[in-house]
>>> print(open('work.txt').read())   # compact mmCIF, C-alpha atoms
# COMPACT_ATOMS: atom_id res chain seq x y z
CA MET A 1 -0.36 -15.84 -12.28
CA LYS A 2 -1.40 -12.49 -10.82
CA PRO A 3 -4.00 -10.56 -12.85
CA SER A 4 -2.75 -7.38 -14.51
CA SER A 5 -3.11 -4.16 -12.59
CA PRO A 6 -6.10 -1.99 -13.48
CA GLU A 7 -5.49 1.26 -15.34
CA THR A 8 -6.00 4.31 -13.14
CA THR A 9 -5.86 8.08 -13.25
CA GLU A 10 -2.87 9.95 -11.80
CA ASP A 11 -4.79 10.05 -8.52
CA GLY A 12 -5.32 6.27 -8.47
CA PHE A 13 -8.98 6.14 -9.49
CA LEU A 14 -10.11 3.45 -11.91
CA LEU A 15 -10.27 4.64 -15.54
CA GLU A 16 -12.95 2.13 -16.52
CA VAL A 17 -15.51 1.79 -13.72
CA GLY A 18 -16.88 -1.36 -15.38
CA GLN A 19 -13.58 -3.18 -14.71
CA TRP A 20 -14.20 -3.17 -10.95
CA ASP A 21 -14.54 -6.38 -9.03
CA GLU A 22 -13.24 -7.66 -5.69
CA THR A 23 -9.85 -8.57 -7.17
CA VAL A 24 -9.45 -5.06 -8.56
CA ALA A 25 -10.53 -3.62 -5.19
CA HIS A 26 -7.72 -5.53 -3.48
CA GLN A 27 -5.22 -4.31 -6.09
CA LEU A 28 -6.33 -0.70 -5.63
CA ALA A 29 -6.19 -1.06 -1.84
CA GLU A 30 -2.62 -2.40 -1.99
CA ARG A 31 -1.55 0.88 -3.60
CA ILE A 32 -2.73 2.96 -0.62
CA PRO A 33 -1.49 0.58 1.15
CA LEU A 34 -4.49 -1.00 2.84
CA THR A 35 -5.49 -4.55 3.72
CA LEU A 36 -9.23 -4.91 3.30
CA THR A 37 -11.23 -6.35 6.18
CA GLU A 38 -14.93 -7.08 6.60
CA ALA A 39 -15.32 -3.57 8.08
CA HIS A 40 -13.79 -2.03 4.92
CA TRP A 41 -16.10 -4.09 2.71
CA GLU A 42 -19.15 -2.84 4.61
CA ILE A 43 -18.20 0.79 3.83
CA ILE A 44 -17.21 -0.06 0.22
CA SER A 45 -20.56 -1.77 -0.31
CA PHE A 46 -22.33 1.22 1.22
CA ILE A 47 -20.66 3.77 -1.09
CA ARG A 48 -21.29 1.64 -4.19
CA LYS A 49 -25.00 1.39 -3.31
CA TYR A 50 -25.11 5.11 -2.51
CA HIS A 51 -23.58 5.97 -5.88
CA ALA A 52 -25.93 3.61 -7.75
CA ARG A 53 -28.96 5.11 -6.02
CA PHE A 54 -28.13 8.83 -6.12
CA ARG A 55 -25.80 8.96 -9.17
CA HIS A 56 -23.35 11.24 -7.37
CA LEU A 57 -20.75 11.01 -4.65
CA PRO A 58 -20.89 12.85 -1.35
CA ASN A 59 -18.27 15.19 0.03
CA ASN A 60 -16.60 14.04 3.25
CA ARG A 61 -19.15 15.63 5.60
CA MET A 62 -22.11 14.21 3.67
CA PHE A 63 -20.36 10.82 3.55
CA VAL A 64 -20.03 10.63 7.34
CA LYS A 65 -23.68 11.65 7.79
CA ALA A 66 -24.89 9.14 5.17
CA VAL A 67 -22.93 6.32 6.81
CA GLU A 68 -24.36 7.32 10.19
CA LYS A 69 -27.89 7.23 8.82
CA ALA A 70 -27.41 3.85 7.13
CA LEU A 71 -25.12 2.03 9.56
CA GLY A 72 -25.53 3.87 12.86
CA PRO A 73 -23.47 6.32 14.92
CA ASP A 74 -20.79 3.75 15.82
CA LYS A 75 -19.75 3.60 12.16
CA GLY A 76 -20.97 6.97 10.94
CA ASN A 77 -18.33 9.10 12.57
CA SER A 78 -15.01 10.53 11.48
CA ARG A 79 -12.95 8.58 14.01
CA TYR A 80 -14.25 5.19 12.82
CA LEU A 81 -14.00 6.01 9.11
CA ASN A 82 -10.50 7.50 9.48
CA GLY A 83 -9.49 4.33 11.30
CA LEU A 84 -10.43 2.33 8.22
CA PHE A 85 -9.43 4.76 5.46
CA ALA A 86 -6.83 7.03 7.08
CA GLY A 87 -6.37 10.52 5.70
CA SER A 88 -9.44 10.87 3.53
CA PRO A 89 -12.17 8.27 4.12
CA VAL A 90 -14.45 9.28 1.24
CA LYS A 91 -11.54 9.53 -1.22
CA TYR A 92 -10.03 6.15 -0.38
CA THR A 93 -13.40 4.42 -0.07
CA CYS A 94 -14.37 5.63 -3.55
CA MET A 95 -10.95 4.73 -4.93
CA VAL A 96 -11.09 1.13 -3.68
CA ALA A 97 -14.78 0.87 -4.63
CA GLY A 98 -13.88 1.66 -8.24
CA LEU A 99 -15.86 4.90 -8.29
CA PRO A 100 -14.88 8.35 -9.61
CA LYS A 101 -13.02 10.87 -7.49
CA PRO A 102 -15.54 12.49 -5.11
CA PRO A 103 -16.15 16.25 -5.03
CA GLY A 104 -13.78 18.34 -2.97
CA CYS A 105 -11.01 15.73 -2.83
CA ILE A 106 -7.50 16.97 -3.47
>>> encode(input="work.txt", output="structure tokens")
Amino acid sequence: MKPSSPETTEDGFLLEVGQWDETVAHQLAERIPLTLTEAHWEIISFIRKYHARFRHLPNNRMFVKAVEKALGPDKGNSRYLNGLFAGSPVKYTCMVAGLPKPPGCI
């Protein structure tokens, strides 16, 4: 039996951040639609650690720079991140990671 879908905002962000786990991440990703790979999980893990450490979420420009600083220039660039989370990397990363909607996201 498939677990019930998590409750989300109109924009698809988790209502109860504490409900997040890997199963929920896969359910949220399916809505985009997105199939999570190891590369996605590396960025999801990064943003969850970032949020836990700084207690805020970056805008897109800050996100790219923070990824570059933590994971290197091969991964900290718009082309790479758009390849994983097309359209709005910081928005979709936060969505799948069970975090709130980041600033500046439409």
>>> closest_residue(input="work.txt", among="A:His56, A:Ala97, A:Ser4, A:Leu71", to="Leu36 in chain A", atoms="only C-alpha atoms")
A:Ala97
>>> atom_distance(input="work.txt", atom1="CA of Val17 in chain A", atom2="CA of Ile32 in chain A")
18.3 Å
>>> atom_distance(input="work.txt", atom1="CA of Met95 in chain A", atom2="CA of Ser45 in chain A")
12.5 Å
>>> residues_around(input="work.txt", residues="Val67 in chain A", least_positions_apart="4", cutoff="9 Å", atoms="only C-alpha atoms", output="PDB file with C-alpha atoms, in the frame of the given file")
ATOM      1  CA  ILE A  43     -18.200   0.790   3.830  1.00  0.00           C
ATOM      2  CA  PHE A  46     -22.330   1.220   1.220  1.00  0.00           C
ATOM      3  CA  ILE A  47     -20.660   3.770  -1.090  1.00  0.00           C
ATOM      4  CA  MET A  62     -22.110  14.210   3.670  1.00  0.00           C
ATOM      5  CA  PHE A  63     -20.360  10.820   3.550  1.00  0.00           C
ATOM      6  CA  LEU A  71     -25.120   2.030   9.560  1.00  0.00           C
ATOM      7  CA  GLY A  72     -25.530   3.870  12.860  1.00  0.00           C
ATOM      8  CA  PRO A  73     -23.470   6.320  14.920  1.00  0.00           C
ATOM      9  CA  LYS A  75     -19.750   3.600  12.160  1.00  0.00           C
ATOM     10  CA  GLY A  76     -20.970   6.970  10.940  1.00  0.00           C
ATOM     11  CA  ASN A  77     -18.330   9.100  12.570  1.00  0.00           C
TER      12      ASN A  77
END
>>> atom_distance(input="work.txt", atom1="CA of Leu34 in chain A", atom2="CA of Gly12 in chain A")
13.5 Å
>>> closest_residue(input="work.txt", among="A:His26, A:Val96, A:Leu81, A:Lys91", to="Ala39 in chain A", atoms="all atoms listed in the file")
A:Leu81
>>> residues_near_point(input="work.txt", point="(-6.9, -0.6, -0.4)", cutoff="12 Å", atoms="all atoms listed in the file", output="count of residues only")
33
>>> closest_residue(input="work.txt", among="A:Gln19, A:Tyr80, A:Thr9, A:Val90", to="Leu57 in chain A", atoms="all atoms listed in the file")
A:Val90
>>> closest_residue(input="work.txt", among="A:Gly83, A:Cys105, A:Asp74, A:Pro100", to="His51 in chain A", atoms="all atoms listed in the file")
A:Pro100
>>> closest_residue(input="work.txt", among="A:Arg48, A:Trp20, A:Ala70, A:Arg61", to="Ser88 in chain A", atoms="all atoms listed in the file")
A:Arg61
>>> decode(input="work.txt", residues="range 52-63 of chain A", atoms="all heavy atoms", output="compact mmCIF listing (two decimals), in the first residue's frame")
# COMPACT_ATOMS: atom_id res chain seq x y z
N ALA A 52 19.34 24.35 8.23
CA ALA A 52 19.53 24.04 9.66
C ALA A 52 20.60 24.94 10.27
O ALA A 52 20.46 25.38 11.41
CB ALA A 52 19.92 22.57 9.82
N ARG A 53 21.64 25.24 9.51
CA ARG A 53 22.74 26.05 10.04
C ARG A 53 22.40 27.53 10.11
O ARG A 53 22.64 28.20 11.11
CB ARG A 53 23.97 25.86 9.17
CG ARG A 53 25.15 26.67 9.64
CD ARG A 53 26.38 26.37 8.84
NE ARG A 53 27.47 27.19 9.34
CZ ARG A 53 28.60 27.38 8.71
NH1 ARG A 53 28.82 26.79 7.56
NH2 ARG A 53 29.54 28.14 9.22
N PHE A 54 21.81 28.07 9.04
CA PHE A 54 21.59 29.52 8.95
C PHE A 54 20.17 29.96 9.28
O PHE A 54 19.90 31.15 9.40
CB PHE A 54 21.99 30.03 7.56
CG PHE A 54 23.44 29.84 7.25
CD1 PHE A 54 23.84 28.91 6.31
CD2 PHE A 54 24.41 30.57 7.92
CE1 PHE A 54 25.19 28.72 6.02
CE2 PHE A 54 25.76 30.39 7.65
CZ PHE A 54 26.15 29.46 6.69
N ARG A 55 19.24 29.02 9.38
CA ARG A 55 17.84 29.31 9.73
C ARG A 55 17.16 30.25 8.74
O ARG A 55 16.28 31.03 9.10
CB ARG A 55 17.72 29.87 11.14
CG ARG A 55 18.11 28.90 12.20
CD ARG A 55 17.01 27.90 12.34
NE ARG A 55 17.41 26.84 13.27
CZ ARG A 55 17.03 25.59 13.14
NH1 ARG A 55 16.26 25.23 12.15
NH2 ARG A 55 17.42 24.69 14.00
N HIS A 56 17.59 30.22 7.50
CA HIS A 56 16.93 30.95 6.42
C HIS A 56 17.25 30.23 5.13
O HIS A 56 18.08 29.33 5.10
CB HIS A 56 17.36 32.43 6.37
CG HIS A 56 18.72 32.63 5.79
ND1 HIS A 56 18.94 32.82 4.45
CD2 HIS A 56 19.95 32.65 6.38
CE1 HIS A 56 20.24 32.97 4.24
NE2 HIS A 56 20.87 32.87 5.39
N LEU A 57 16.58 30.64 4.07
CA LEU A 57 16.83 30.06 2.75
C LEU A 57 17.38 31.14 1.83
O LEU A 57 16.98 32.29 1.90
CB LEU A 57 15.54 29.48 2.18
CG LEU A 57 15.03 28.28 2.95
CD1 LEU A 57 13.60 27.95 2.54
CD2 LEU A 57 15.94 27.08 2.74
N PRO A 58 18.31 30.75 0.96
CA PRO A 58 18.89 31.74 0.06
C PRO A 58 17.98 32.03 -1.13
O PRO A 58 17.12 31.22 -1.48
CB PRO A 58 20.16 31.02 -0.42
CG PRO A 58 19.79 29.58 -0.41
CD PRO A 58 18.87 29.42 0.79
N ASN A 59 18.20 33.19 -1.75
CA ASN A 59 17.57 33.42 -3.05
C ASN A 59 18.38 32.63 -4.08
O ASN A 59 19.39 32.01 -3.75
CB ASN A 59 17.49 34.92 -3.37
CG ASN A 59 18.84 35.57 -3.50
OD1 ASN A 59 19.84 34.95 -3.89
ND2 ASN A 59 18.91 36.85 -3.17
N ASN A 60 17.96 32.65 -5.33
CA ASN A 60 18.61 31.81 -6.33
C ASN A 60 20.10 32.12 -6.49
O ASN A 60 20.92 31.21 -6.56
CB ASN A 60 17.89 31.92 -7.68
CG ASN A 60 18.28 30.80 -8.60
OD1 ASN A 60 18.10 29.62 -8.26
ND2 ASN A 60 18.85 31.12 -9.74
N ARG A 61 20.44 33.38 -6.55
CA ARG A 61 21.85 33.77 -6.73
C ARG A 61 22.71 33.31 -5.56
O ARG A 61 23.80 32.75 -5.74
CB ARG A 61 21.93 35.28 -6.91
CG ARG A 61 23.32 35.76 -7.23
CD ARG A 61 23.30 37.23 -7.59
NE ARG A 61 24.65 37.68 -7.84
CZ ARG A 61 25.07 38.89 -7.61
NH1 ARG A 61 24.25 39.80 -7.14
NH2 ARG A 61 26.30 39.23 -7.85
N MET A 62 22.22 33.52 -4.34
CA MET A 62 22.95 33.08 -3.15
C MET A 62 23.06 31.56 -3.11
O MET A 62 24.06 31.01 -2.67
CB MET A 62 22.23 33.57 -1.89
CG MET A 62 22.36 35.04 -1.61
SD MET A 62 21.35 35.58 -0.19
CE MET A 62 21.87 34.47 1.09
N PHE A 63 22.01 30.87 -3.57
CA PHE A 63 21.99 29.41 -3.61
C PHE A 63 23.12 28.87 -4.49
O PHE A 63 23.89 28.01 -4.08
CB PHE A 63 20.62 28.94 -4.11
CG PHE A 63 20.48 27.46 -4.29
CD1 PHE A 63 20.61 26.59 -3.22
CD2 PHE A 63 20.18 26.94 -5.53
CE1 PHE A 63 20.45 25.23 -3.38
CE2 PHE A 63 20.01 25.58 -5.71
CZ PHE A 63 20.16 24.71 -4.63
